[in-house]
Each structure stands twice: as structure tokens, then as C-alpha cells.
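K.L.:
What follows is the file data33.txt, containing compact mmCIF, C-alpha atoms:
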# COMPACT_ATOMS: atom_id res chain seq x y z
CA MET A 1 -10.94 41.40 -5.33
CA ARG A 2 -13.06 38.75 -6.94
CA ASP A 3 -12.55 35.20 -5.73
CA GLU A 4 -10.95 33.21 -8.53
CA THR A 5 -10.92 29.88 -6.74
CA ALA A 6 -12.59 26.79 -8.09
CA SER A 7 -15.69 27.49 -6.01
CA GLY A 8 -16.12 30.78 -7.85
CA ARG A 9 -15.82 29.23 -11.30
CA TRP A 10 -19.22 27.60 -11.42
CA TRP A 11 -18.80 26.73 -15.08
CA GLU A 12 -16.07 24.23 -14.23
CA ASN A 13 -18.24 22.54 -11.62
CA TYR A 14 -21.54 22.21 -13.47
CA LEU A 15 -21.57 23.60 -17.00
CA VAL A 16 -18.59 21.58 -18.23
CA ARG A 17 -19.79 18.51 -16.37
CA TYR A 18 -23.33 18.41 -17.74
CA LEU A 19 -23.46 20.44 -20.96
CA MET A 20 -22.04 17.85 -23.36
CA PRO A 21 -23.78 14.87 -21.68
CA SER A 22 -27.07 16.80 -21.71
CA ILE A 23 -26.75 17.37 -25.44
CA ALA A 24 -26.04 13.67 -25.85
CA GLY A 25 -29.08 12.95 -23.68
CA VAL A 26 -31.30 14.84 -26.11
CA GLY A 27 -30.11 12.63 -28.95
CA ILE A 28 -30.51 9.47 -26.87
CA VAL A 29 -34.08 10.30 -25.84
CA SER A 30 -35.00 11.10 -29.43
CA TRP A 31 -33.46 7.80 -30.56
CA LEU A 32 -35.28 5.77 -27.90
CA ILE A 33 -38.62 7.34 -28.80
CA ALA A 34 -38.07 6.58 -32.47
CA ALA A 35 -37.11 2.96 -31.69
CA GLY A 36 -39.91 2.37 -29.19
CA PRO A 37 -43.59 1.60 -29.68
CA LYS A 38 -45.81 4.27 -31.18
CA GLY A 39 -47.70 4.89 -27.95
CA LEU A 40 -44.53 5.92 -26.12
CA ARG A 41 -44.35 9.19 -28.03
CA ALA A 42 -47.89 10.17 -27.06
CA ILE A 43 -47.42 9.26 -23.38
CA LEU A 44 -44.39 11.57 -23.20
CA PHE A 45 -46.52 14.45 -24.56
CA PHE A 46 -44.84 14.69 -27.94
CA GLY A 47 -47.41 15.96 -30.41
CA GLY A 48 -47.23 16.17 -34.17
CA SER A 49 -45.42 13.83 -36.51
CA PRO A 50 -42.16 12.13 -35.51
CA GLN A 51 -40.33 14.25 -38.09
CA SER A 52 -41.57 17.57 -36.67
CA LEU A 53 -39.38 19.67 -34.41
CA ASP A 54 -41.45 22.55 -33.14
CA ALA A 55 -40.74 24.61 -30.03
CA PRO A 56 -42.73 22.43 -27.56
CA THR A 57 -41.11 19.26 -28.89
CA LEU A 58 -37.64 20.74 -28.65
CA THR A 59 -38.31 21.97 -25.11
CA LEU A 60 -39.47 18.53 -24.00
CA LEU A 61 -36.47 16.89 -25.65
CA ILE A 62 -34.11 19.19 -23.76
CA LEU A 63 -35.87 18.49 -20.46
CA TYR A 64 -35.96 14.72 -20.99
CA GLY A 65 -32.36 14.79 -22.20
CA ASN A 66 -31.23 16.55 -19.02
CA LEU A 67 -33.23 14.10 -16.92
CA PHE A 68 -31.66 11.11 -18.65
CA CYS A 69 -28.21 12.65 -18.28
CA TYR A 70 -28.63 13.22 -14.56
CA ILE A 71 -30.04 9.75 -13.90
CA ALA A 72 -27.18 8.19 -15.85
CA SER A 73 -24.66 10.05 -13.65
CA TYR A 74 -25.91 8.50 -10.38
CA PRO A 75 -23.13 5.88 -10.15
CA ILE A 76 -20.54 8.66 -10.24
CA LEU A 77 -22.12 10.10 -7.08
CA CYS A 78 -21.70 6.75 -5.36
CA PHE A 79 -18.14 6.27 -6.59
CA HIS A 80 -17.21 9.79 -5.49
CA ALA A 81 -18.63 9.24 -2.01
CA THR A 82 -16.69 5.97 -1.67
CA ARG A 83 -13.51 7.06 -3.48
CA VAL A 84 -11.37 6.34 -0.42
CA LEU A 85 -11.61 2.64 -1.36
CA ASP A 86 -9.91 3.11 -4.74
CA PHE A 87 -6.39 3.54 -3.36
CA ASP A 88 -4.42 1.72 -0.68
CA GLN A 89 -2.27 3.17 2.10
CA SER A 90 0.65 3.68 -0.28
CA PHE A 91 -1.62 5.83 -2.51
CA ALA A 92 -1.42 3.23 -5.28
CA TRP A 93 -4.38 2.16 -7.37
CA ARG A 94 -4.85 -1.58 -7.17
CA PRO A 95 -7.53 -3.38 -9.19
CA ARG A 96 -10.08 -5.17 -7.03
CA ALA A 97 -13.47 -6.81 -7.41
CA ASN A 98 -15.47 -3.70 -6.49
CA ASP A 99 -13.25 -1.20 -8.28
CA SER A 100 -15.38 1.61 -9.70
CA TYR A 101 -13.48 2.02 -12.97
CA ILE A 102 -13.23 -1.67 -13.80
CA ALA A 103 -16.90 -2.22 -12.95
CA SER A 104 -17.98 0.73 -15.09
CA ALA A 105 -15.89 -0.43 -18.04
CA VAL A 106 -17.26 -3.98 -17.84
CA PHE A 107 -20.82 -2.68 -17.52
CA ALA A 108 -20.52 -0.28 -20.47
CA VAL A 109 -18.87 -2.79 -22.79
CA GLY A 110 -21.23 -5.60 -21.77
CA THR A 111 -24.48 -3.67 -22.20
CA ILE A 112 -23.50 -2.00 -25.46
CA ALA A 113 -22.28 -5.31 -26.91
CA SER A 114 -25.53 -6.98 -25.84
CA ALA A 115 -27.60 -4.32 -27.59
CA VAL A 116 -25.58 -4.64 -30.79
CA PHE A 117 -25.09 -8.39 -31.12
CA LEU A 118 -27.90 -10.13 -29.22
CA PRO A 119 -31.58 -10.54 -30.16
CA SER A 120 -34.14 -8.46 -28.31
CA ASP A 121 -35.25 -10.89 -25.57
CA THR A 122 -31.74 -12.14 -24.84
CA CYS A 123 -30.41 -8.60 -24.88
CA VAL A 124 -32.85 -7.50 -22.18
CA PHE A 125 -32.08 -10.50 -19.98
CA VAL A 126 -28.30 -10.02 -20.22
CA SER A 127 -28.58 -6.25 -19.73
CA VAL A 128 -30.70 -6.65 -16.60
CA ILE A 129 -28.07 -9.00 -15.18
CA PHE A 130 -25.41 -6.38 -15.86
CA VAL A 131 -27.51 -3.67 -14.19
CA LEU A 132 -28.11 -5.76 -11.08
CA TRP A 133 -24.41 -6.59 -10.86
CA TYR A 134 -23.39 -2.95 -11.32
CA VAL A 135 -25.84 -1.81 -8.64
CA SER A 136 -24.53 -4.53 -6.32
CA VAL A 137 -20.94 -3.32 -6.78
CA GLN A 138 -21.96 0.18 -5.73
CA THR A 139 -23.93 -1.11 -2.75
CA VAL A 140 -21.01 -3.24 -1.55
CA ARG A 141 -18.76 -0.18 -1.73
CA ILE A 142 -21.19 1.76 0.46
CA VAL A 143 -21.19 -1.07 3.00
CA ASP A 144 -17.38 -1.30 2.94
CA VAL A 145 -16.87 2.42 3.47
CA LEU A 146 -19.01 2.25 6.63
CA LYS A 147 -17.02 -0.55 8.29
CA PRO A 148 -15.12 0.86 11.31
CA LYS A 149 -11.33 0.58 11.34
CA GLU A 150 -8.49 1.85 13.52
CA PHE A 151 -6.41 4.75 12.23
CA GLY A 152 -3.72 5.05 14.89
CA LYS A 153 -3.95 8.02 17.25
CA THR A 154 -5.79 10.30 14.83
CA PHE A 155 -9.14 9.67 16.50
CA GLY A 156 -7.86 8.93 19.98
CA GLY A 157 -7.39 5.27 19.17
CA MET A 158 -11.12 4.85 18.61
CA PRO A 159 -12.28 2.99 15.49
CA THR A 160 -13.96 5.05 12.81
CA THR A 161 -15.08 4.45 9.26
CA PRO A 162 -12.87 5.03 6.21
CA LEU A 163 -15.54 7.43 4.95
CA TYR A 164 -15.30 9.79 7.91
CA ALA A 165 -11.55 9.39 8.40
CA TYR A 166 -10.86 10.36 4.80
CA LEU A 167 -13.19 13.37 4.82
CA TYR A 168 -11.75 14.49 8.16
CA MET A 169 -8.16 14.43 6.92
CA LEU A 170 -9.08 15.97 3.58
CA SER A 171 -10.95 18.81 5.29
CA ARG A 172 -7.97 19.51 7.52
CA ARG A 173 -5.63 19.69 4.56
CA ARG A 174 -7.96 21.99 2.66
CA GLY A 175 -8.52 24.12 5.75
CA TYR A 176 -4.94 25.37 5.98
CA ARG A 177 -5.05 29.05 5.19
CA ASP A 178 -2.37 31.01 3.43
CA LYS A 179 0.31 32.15 5.83
CA LYS A 180 0.51 35.87 6.49
CA THR A 181 3.42 37.55 8.19
CA LEU A 182 3.51 41.07 9.52
CA THR A 183 6.86 42.80 9.91
CA LYS A 184 7.00 46.08 11.82
CA SER A 185 9.99 48.35 12.03
CA ILE A 186 10.98 49.48 15.51
CA GLY A 187 10.79 53.20 16.15
CA ASN A 188 14.35 53.65 17.47
CA GLN A 189 15.89 51.83 14.51
CA GLU A 190 17.22 53.69 11.52
CA PRO A 191 14.35 54.06 9.07
CA ALA A 192 14.66 52.48 5.70
CA SER A 193 15.08 54.62 2.63
CA GLY A 194 11.85 56.38 1.76
CA GLN A 195 10.18 55.52 5.09
CA GLY A 196 9.74 57.58 8.20
CA ALA A 197 10.60 56.50 11.74
CA GLY A 198 8.01 54.25 13.28
CA SER A 199 6.49 53.32 9.96
CA SER A 200 5.48 49.74 9.36
CA GLU A 201 6.00 47.48 6.44
CA GLN A 202 3.59 44.68 5.69
CA SER A 203 4.51 41.66 3.69
CA GLU A 204 2.39 38.67 2.93
CA VAL A 205 3.76 35.28 2.11
CA GLN A 206 0.98 33.29 0.55
CA GLN A 207 1.35 29.60 0.12
CA THR A 208 -0.67 29.23 -3.02
CA TRP A 209 0.58 25.78 -3.86
CA ARG A 210 -2.17 24.09 -1.83
CA ARG A 211 -4.84 25.97 -3.70
CA GLU A 212 -3.18 25.10 -6.99
CA VAL A 213 -3.17 21.40 -6.13
CA VAL A 214 -6.85 21.49 -5.15
CA GLU A 215 -7.82 23.34 -8.32
CA SER A 216 -5.76 20.96 -10.45
CA TYR A 217 -7.43 17.77 -9.25
CA ARG A 218 -10.86 19.39 -9.28
CA HIS A 219 -10.29 20.53 -12.85
CA ALA A 220 -9.19 17.05 -13.92
CA ARG A 221 -12.09 15.40 -12.13
CA GLU A 222 -14.79 17.71 -13.47
CA HIS A 223 -13.71 17.27 -17.07
CA GLY A 224 -13.32 13.55 -16.45
CA ASN A 225 -16.84 13.53 -15.03
CA SER A 226 -18.17 14.79 -18.35
CA ALA A 227 -16.62 11.84 -20.20
CA PHE A 228 -17.68 9.44 -17.44
CA ILE A 229 -21.30 10.60 -17.65
CA PHE A 230 -21.25 10.27 -21.43
CA ALA A 231 -20.03 6.67 -21.20
CA LEU A 232 -22.71 5.82 -18.63
CA GLU A 233 -25.35 7.46 -20.82
CA LEU A 234 -24.42 5.19 -23.71
CA ALA A 235 -24.52 2.13 -21.46
CA LEU A 236 -27.88 3.05 -19.92
CA ALA A 237 -29.21 3.90 -23.38
CA ALA A 238 -28.23 0.42 -24.56
CA VAL A 239 -30.24 -1.16 -21.75
CA SER A 240 -33.18 1.16 -22.41
CA TYR A 241 -33.04 0.38 -26.12
CA GLY A 242 -33.36 -3.33 -25.43
CA ILE A 243 -36.47 -2.64 -23.35
CA VAL A 244 -38.32 -0.28 -25.70
CA ARG A 245 -37.84 -2.51 -28.73
CA MET A 246 -39.38 -5.60 -27.11
CA PRO A 247 -42.24 -6.60 -29.43
CA LEU A 248 -44.77 -7.42 -26.70
CA LEU A 249 -44.61 -4.01 -25.01
CA ASP A 250 -46.90 -1.15 -25.90
CA GLY A 251 -46.14 2.45 -24.95
CA THR A 252 -47.52 2.20 -21.42
CA LYS A 253 -45.70 -1.03 -20.58
CA ALA A 254 -42.47 0.21 -22.14
CA LEU A 255 -42.55 3.34 -19.99
CA ALA A 256 -43.30 1.23 -16.89
CA ALA A 257 -40.35 -1.04 -17.69
CA LEU A 258 -38.08 1.99 -18.09
CA ALA A 259 -39.32 3.36 -14.77
CA ALA A 260 -38.48 0.05 -13.07
CA LEU A 261 -35.01 0.15 -14.62
CA PHE A 262 -34.39 3.69 -13.38
CA ILE A 263 -35.61 2.82 -9.87
CA VAL A 264 -33.15 -0.06 -9.58
CA TRP A 265 -30.43 2.11 -11.11
CA SER A 266 -31.06 4.80 -8.47
CA VAL A 267 -30.83 2.59 -5.37
CA PRO A 268 -27.11 3.20 -4.61
CA ALA A 269 -27.54 6.95 -5.12
CA VAL A 270 -30.38 6.90 -2.59
CA LEU A 271 -28.06 5.15 -0.13
CA VAL A 272 -25.57 8.00 -0.52
CA HIS A 273 -28.11 10.04 1.43
CA LEU A 274 -27.45 7.62 4.31
CA LEU A 275 -23.73 8.40 4.04
CA GLY A 276 -24.49 12.09 4.39
CA GLN A 277 -26.60 11.43 7.46
CA TYR A 278 -23.82 9.35 8.99
CA ILE A 279 -21.18 12.03 8.38
CA GLU A 280 -23.37 14.63 10.08
CA ARG A 281 -24.00 12.37 13.08
CA ARG A 282 -20.33 11.42 13.39
CA TYR A 283 -19.22 15.02 13.11
CA SER A 284 -21.63 16.11 15.84
CA ARG A 285 -20.20 13.52 18.28
CA PHE A 286 -23.70 13.09 19.62
CA GLU A 287 -23.74 10.00 21.84
CA GLY A 288 -27.43 9.81 22.65
Please go through the file and, once you have read it, give me the structure as C-alpha cells.
P.N.:
Amino acid sequence: MRDETASGRWWENYLVRYLMPSIAGVGIVSWLIAAGPKGLRAILFFGGSPQSLDAPTLTLLILYGNLFCYIASYPILCFHATRVLDFDQSFAWRPRANDSYIASAVFAVGTIASAVFLPSDTCVFVSVIFVLWYVSVQTVRIVDVLKPKEFGKTFGGMPTTPLYAYLYMLSRRRGYRDKKTLTKSIGNQEPASGQGAGSSEQSEVQQTWRREVVESYRHAREHGNSAFIFALELALAAVSYGIVRMPLLDGTKALAALAALFIVWSVPAVLVHLLGQYIERRYSRFEG
């Protein structure tokens, strides 16, 4: 029988998450090229007039749109890796200085408002401040999730990080398999109606509620990811718009400025690689 779990439904994991934001990314890239200096279009290998939409141009727009979409989603990777910080021990969400949702809302509103209401030079300055602050929030979360704490007797009384403790407990909960019971009739007992002596009857009691819970929160999160990525795309597009419309930048300098923006934007996502390395090392229990 085909596996119908969430892992088998790839469309929920990737297609739903990135399809709509990728389409939005195509429009954003087209808008930024139209708003930027004339040389930017040539550097990005767009030939023909700005009004033309031939097959090569459309292909490049789709590729650049997907690239912009994926880069914009980097903070979600960081927030997902550090999600244990978003709730306290009573499972309640409490606003705090490095809260992922509050920080994202402030960043999106601040950058979009700057692009709409502020002049070009001021817009870029304010937007860069917002980007640096947003990156700092993500970096602080990564540092916090790596600070060792004590979690009772779960780890033999030894301190461990919230990152590993959360993944350890979550993996144990997900690892419970459905219960299966096997009932056999005894040969010297009176056989049940329609069954011969010594025959066996198998019954399976499957606890599907755990799988339903896992699929429910994955479903909610994946569709929420699509909206989250779209909001971050708009915010990052607002910052990029302020850069490409600066009057003193030609196409080459505008592209270099965008590259610098994307490098800074990617720093916390690069540090998530460190979290993966730590989890592997902690799981191995290697003490060398």
C-alpha cells in the first residue's frame, strides 16, 4: 500500500511552500529591473527591449524569481531551527525581544514603509539599519539555542542545549510506532464460528492519532511558510528597490550593492549549518 504520510506528499512540503512565492519573485525581479539603472538589465543577460517577453527572457525571469524567493526565505530556516525559543515551559507563546514573529513583522512594516514614504538616500540608510537589526535578532537566537541548560534527569543530569534537547524529545515522540497486537486462539479451545481448531486471528490496533497530529501541524506550517516567504519577499524587495533606484549607481554598482545585501542577509542561514554540525556531534557522543 502506498505511503500516504506527509513525507510521501511532496507537494505539501515544497510545491505549496514555494510555488506562489516563486511566482511573486518573478514579478519582483521584473519590477526591480524596470526600476533600476539601464545597465542592470544587460548585466543580467536580458536582451531585447524592456517590453519584450520572449522565451529566453521568460526563462531567466523564472530562474531569477526562484532565486530571489529562496534567498528571501532564509530567515524562516533560522527561525525553524531555533523554534524551541518561541514557547516557554508551559507551552505558551510569550513576546520577547528576539521573538521571530514580532521581529519579522517590525522588519516588514519598517522596510516597506521606508520604501514608500522616504526619499531614496534616507530609504536606503533606514532599510540597511533594519536589515542589520533583523540579522542580529536571528544571530542572537542561534547563540541562545546553543547555551547549555539542565533538563532534569532526561540526559543523566548533564547540561545540554535547548536545541538538542528539543530535537531529542521530538524525535522520541515521533518515533513511537503504531501498536500491533496479535491474538491467537488456543487449539484445545472451542473454535469460533467459521474458524477451524488451531486457527489464528490477527487484529491490529493502530494508534493513528500521533500521525494525525504530526500531519496537522506540518500542514499548517507548510502553508504558513508560503505566506511567510511572500511577506519576506515584499520586505526584501523594498530594501532592494531603495538600492537600485539610487541615482549615483550604474548597473554594475547596483548589482554589487544587491550582492552585498544578500550576503549580509544570508549570514544567519549560514550559521544554521553550524547547528547541524553540532547536532551531529552531540548525537554521536564523541568525546575526543
K.L.:
Rank nothing, just name the residue among A:Val270, A:Ile43, A:Ile23, A:Ala97 nearest to Gly65 in chain A, using only C-alpha atoms.
P.N.:
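Among the listed residues, the smallest separation from Gly65 in chain A belongs to A:Ile23.
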K.L.:
Calculate how many Å separate CA of Ser90 in chain A from CA of Leu163 in chain A, rounding to one decimal.
P.N.:
17.4 Å
K.L.:
Go through range 207-232 of chain A residue by residue and, counting all atoms listed in the file, keep those with an atom at most 12 Å from range 68-79 of chain A; for each kept residue give the shortest atom pair and its distance in Å to one decimal, ordered by chain and increasing number, as CSV.
P.N.:
residue,atom,partner,partner_atom,distance
A:Arg221,CA,A:Ile76,CA,11.0
A:Glu222,CA,A:Ile76,CA,11.2
A:Gly224,CA,A:Ile76,CA,10.7
A:Asn225,CA,A:Ile76,CA,7.8
A:Ser226,CA,A:Ser73,CA,9.3
A:Ala227,CA,A:Ser73,CA,10.5
A:Phe228,CA,A:Ile76,CA,7.8
A:Ile229,CA,A:Ser73,CA,5.3
A:Phe230,CA,A:Cys69,CA,8.0
A:Ala231,CA,A:Ala72,CA,9.1
A:Leu232,CA,A:Ala72,CA,5.8
K.L.:
To one decimal place, how far is CA of Val213 in chain A from CA of Met169 in chain A in Å?
P.N.:
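These two atoms are separated by 15.6 Å.
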K.L.:
What gap, in Å, lies between CA of Lys153 in chain A and CA of Asn98 in chain A?
P.N.:
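A separation of 28.9 Å between them.
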K.L.:
Considering only C-alpha atoms, can you say which of A:Ile28, A:Ile102, A:Glu150, A:Arg173 comes closest to Ala237 in chain A?
P.N.:
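Checking each candidate against Ala237 in chain A, we get A:Ile28 as the closest.
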K.L.:
Could you check the closest approach to Gln89 in chain A for each of A:Phe130, A:Phe45, A:Tyr18, A:Tyr166 and tell me which residue wins, using only C-alpha atoms?
P.N.:
A:Tyr166
K.L.:
Using only C-alpha atoms, pick whichever of A:Leu19, A:Leu32, A:Ala81, A:Pro148 has the shortest atom-to-atom distance to Val272 in chain A.
P.N.:
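Of the candidates, the smallest distance to Val272 in chain A is held by A:Ala81.
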K.L.:
Of the candidates A:His219, A:Gly110, A:Val140, A:Val124, which shows the shortest atom-to-atom distance to Leu271 in chain A, using only C-alpha atoms?
P.N.:
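Closest residue, counting only C-alpha atoms: A:Val140.
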K.L.:
For Leu44 in chain A, which residue among A:Tyr278, A:Tyr283, A:Ala254, A:Ala24 is the nearest when counting all atoms listed in the file?
P.N.:
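Looking at the shortest contact to Leu44 in chain A, the residue is A:Ala254.
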K.L.:
Taking 5 positions as the minimum chain separation for residues in the same chain, which residues sit within 8 Å of Gly36 in chain A when counting all atoms listed in the file? Answer as a PDB file with C-alpha atoms, in the coordinates of the input.
P.N.:
ATOM      1  CA  TYR A 241     -33.040   0.380 -26.120  1.00  0.00           C
ATOM      2  CA  VAL A 244     -38.320  -0.280 -25.700  1.00  0.00           C
ATOM      3  CA  ARG A 245     -37.840  -2.510 -28.730  1.00  0.00           C
ATOM      4  CA  GLY A 251     -46.140   2.450 -24.950  1.00  0.00           C
ATOM      5  CA  ALA A 254     -42.470   0.210 -22.140  1.00  0.00           C
TER       6      ALA A 254
END
K.L.:
Please determine the residues with any atom at most 8 Å from (-51.1, 4.4, -29.2) (coordinates as given in the file, with all atoms listed in the file counting) and report them as number ranges by chain.
P.N.:
A: 38-40, 42, 250-251
